[in-house]
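Each remark here refers to the structure printed beneath this line.
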Amino acid sequence: MEILQLYASIKKDRPILPPIEVIDLFCGIGGLSYGMKTAGFHILAGFDLDYTCKYAYETNTGGKFIYKDITEVTAADIRDRYSDDSIRILAGCAPCQPFSSYSFKHKEKDPNKYDLLYEFGRLVKETSPDIVTMENVPAIRTFSLKSVLPDFISLLQEQGYSVWCNIVYCPDYGVPQTRKRLVLLASKFGEIKLLPPTHSKDEYATVRSAIGNLPALNHGESSSEDPLHRCRSLSPMNIKRLQHTKEGGSWKTWPKELLLECHKKDTGKSFGSVYGRMEWDKPSPTMTTQCTGIGNGRFGHPEQDRAISAREAALLQTFPMNYKFFPDENKVSITKVSRYIGNAVPPKLGEIISFSVIKHLVEYGKI
């Protein structure tokens, strides 16, 4: 990308540049950090309460994984890690379950999670990083029980940050899934914003471009060459259901004897994507924590009678083939890796955020 070439050229012409250093709150397995590392940033550390993410985070990003509750993280925990002459970035994606559409429908809200963005704001105020970036679900903008996002933006502005905040459609930036995310960028240096879209509609990355070259699998199989290319077993009834589902189709084309009871009720008719197949030449649906199960959305393979594999989910989330999720991937937990992938920021989006920061720093003469 031109921005990355520009940054490389600047580093070549000016060997002594201030390092761009990142600390990632709610880091998970490191999707955001990895994207920022790819752009040339130095990943210092990631904080998270899921200790099982430690291996993937440290192995792929080079940063230190710190197992600590955000409410217990102090200013010193963050501030003391930055170099004196660095450009300091504080990044994070507060767990989005309370603000998700699924949570709204099912009323499964953890009130303690509403305050995590306030904790993020507390740490911004106490550490005063140069750049702040936050990613979350779009519904956080209209969440009515607490004004968490407006409060966060107001805090940033009160601390002297210029703030850009908007909904991003991920296919516009090369991510092969119809994921919409809220992205926030804030800077002490001046006006900052996300780069304009890099892909037009006829240039979108697709399911075919992401996973079309992987070897075929039967349900319940794993590839002998790639243990992450592994999919769940299906019941004989669910095999029949997929056999009656065309590419891009769903349960609405099934014969009556294959329908589930919920599909026969008015309340079930709105879930049109459940048991559906993806389409080869379109972006996939949003990868969720249940993205490897056909009963949880349009996660059926476009033509093979199975759900997508863990590897396919990872690629659709733009994790590269060499991303290491487990020390021994012959002992892959599909449930665990699906959760990792669904909770992650797509690394490609992390790159776009980083390129936007580089452009901003160039414009303001900071690099």
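So you can find residues: chains in the structure tokens are A, B, ... in the order shown, residues in each start at 1, and ligands are numbered from 1 in order.
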- [ ] For Ser147 of chain A, work out the shell of residues within 12 Å, counting only C-alpha atoms and skipping chain neighbours fewer than 5 positions away, then give it as JSON, numbers by chain.
- [x] {"A": [99, 114, 115, 117, 118, 139, 140, 141, 142, 152, 153, 154]}
Resulting file, chosen residues, N, CA and C atoms, as an mmCIF file, in the first residue's frame:
```cif
data_model
loop_
_atom_site.group_PDB
_atom_site.id
_atom_site.type_symbol
_atom_site.label_atom_id
_atom_site.label_comp_id
_atom_site.auth_asym_id
_atom_site.auth_seq_id
_atom_site.Cartn_x
_atom_site.Cartn_y
_atom_site.Cartn_z
ATOM 1 N N PHE A 99 -23.341 -4.685 23.893
ATOM 2 C CA PHE A 99 -23.883 -3.769 22.903
ATOM 3 C C PHE A 99 -24.263 -4.480 21.608
ATOM 4 N N TYR A 114 -20.570 -2.851 30.921
ATOM 5 C CA TYR A 114 -20.853 -1.507 30.433
ATOM 6 C C TYR A 114 -19.765 -0.536 30.859
ATOM 7 N N ASP A 115 -19.103 -0.811 31.976
ATOM 8 C CA ASP A 115 -18.148 0.140 32.542
ATOM 9 C C ASP A 115 -16.737 -0.013 31.978
ATOM 10 N N LEU A 117 -15.553 0.555 29.005
ATOM 11 C CA LEU A 117 -15.122 1.705 28.219
ATOM 12 C C LEU A 117 -14.786 2.884 29.129
ATOM 13 N N TYR A 118 -15.461 2.983 30.260
ATOM 14 C CA TYR A 118 -15.103 4.020 31.236
ATOM 15 C C TYR A 118 -13.706 3.760 31.809
ATOM 16 N N ALA A 139 -23.691 -0.882 17.348
ATOM 17 C CA ALA A 139 -24.811 -0.621 18.256
ATOM 18 C C ALA A 139 -24.407 0.191 19.482
ATOM 19 N N ILE A 140 -23.114 0.302 19.757
ATOM 20 C CA ILE A 140 -22.692 1.097 20.912
ATOM 21 C C ILE A 140 -23.073 2.569 20.724
ATOM 22 N N ARG A 141 -23.273 2.996 19.468
ATOM 23 C CA ARG A 141 -23.651 4.397 19.223
ATOM 24 C C ARG A 141 -25.063 4.709 19.707
ATOM 25 N N THR A 142 -25.938 3.703 19.672
ATOM 26 C CA THR A 142 -27.340 3.942 20.004
ATOM 27 C C THR A 142 -27.741 3.275 21.304
ATOM 28 N N PHE A 152 -17.238 8.717 26.508
ATOM 29 C CA PHE A 152 -15.852 8.429 26.149
ATOM 30 C C PHE A 152 -15.309 9.512 25.217
ATOM 31 N N ILE A 153 -16.103 9.898 24.225
ATOM 32 C CA ILE A 153 -15.681 10.943 23.293
ATOM 33 C C ILE A 153 -15.496 12.276 24.013
ATOM 34 N N SER A 154 -16.419 12.588 24.914
ATOM 35 C CA SER A 154 -16.302 13.851 25.671
ATOM 36 C C SER A 154 -15.041 13.878 26.509
#
```
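For Ile87 of chain A, the non-local neighbours within 9 Å, defined as residues at least 4 positions apart in the same chain or in other chains and counting only C-alpha atoms, are Pro18, Pro19, Ile20, Glu21, Val22, Tyr82, Ser83, Pro129, Asp130, Ile131 and Lys366 of chain A.
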Open item on the list: Using only C-alpha atoms for the distances, tell me which of A:Trp251, A:Phe26, A:Phe325, A:Phe65 is nearest to Ala45 of chain A.
Closed with: A:Phe65
Please build the interface table for segment 208-301 of chain A against segment 339-358 of chain A with a cut-off of 6 Å, listing for each qualifying residue the nearest atom pair and the distance in Å to one decimal; count only C-alpha atoms, order rows by chain and increasing number, and write it as a Markdown table.
```
| residue | atom | partner | partner_atom | distance |
| --- | --- | --- | --- | --- |
| A:Met287 | CA | A:Gly342 | CA | 5.3 |
| A:Thr288 | CA | A:Gly342 | CA | 4.0 |
| A:Thr289 | CA | A:Gly342 | CA | 4.1 |
```
Expected file: the selected residues, N, CA, C and O atoms, as a CSV table (one decimal), in the first residue's frame:
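Wrote it out as result.csv, contents follow:
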```
chain,number,residue,atom,x,y,z
A,287,MET,N,-18.0,-12.9,10.9
A,287,MET,CA,-17.5,-14.1,11.7
A,287,MET,C,-17.8,-13.8,13.2
A,287,MET,O,-17.5,-12.7,13.7
A,288,THR,N,-18.6,-14.7,13.8
A,288,THR,CA,-18.9,-14.6,15.2
A,288,THR,C,-18.2,-15.6,16.0
A,288,THR,O,-17.4,-16.5,15.5
A,289,THR,N,-18.4,-15.7,17.3
A,289,THR,CA,-17.8,-16.7,18.2
A,289,THR,C,-18.3,-18.1,17.9
A,289,THR,O,-17.8,-19.1,18.4
```
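For segment 110-177 of chain A, the set of residues given strand (DSSP E) by DSSP on the backbone reads Ile131, Val132, Thr133, Met134, Glu135, Asn136, Ser162, Val163, Trp164, Cys165, Asn166, Ile167, Val168 and Tyr169 of chain A.
Shortest separation to Ser187 of chain A among A:His244, A:His199, A:Arg298, A:Arg88 occurs at residue A:Arg88, atoms counted being only C-alpha atoms.
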Task: Closest of A:Glu119, A:Asp172, A:Asp85, A:Glu58 to Val73 of chain A - atom-to-atom distances counting only C-alpha atoms - done: A:Glu119
Task: Best match for closeness to Gly28 of chain A among A:Ser233, A:Asn213, A:Ser9, A:Asn60, counting only C-alpha atoms - done: A:Asn60
Open item on the list: I'd like to know which residues of segment 31-81 of chain A are alpha helix (DSSP H) (by DSSP, run on the backbone); could you write them as JSON, numbers by chain?
Closed with: {"A": [31, 32, 33, 34, 35, 36, 37, 38, 54, 55, 56, 57, 58, 59, 60, 61, 75, 76, 77, 78, 79]}
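For the choices A:Arg277, A:Lys246, A:Lys331, A:Arg179, the atom-to-atom distance to Thr318 of chain A is smallest for A:Arg179 when using only C-alpha atoms.
Interatomic distance, atom CA of Thr74 of chain A to atom CA of Ala91 of chain A: 15.5 Å.
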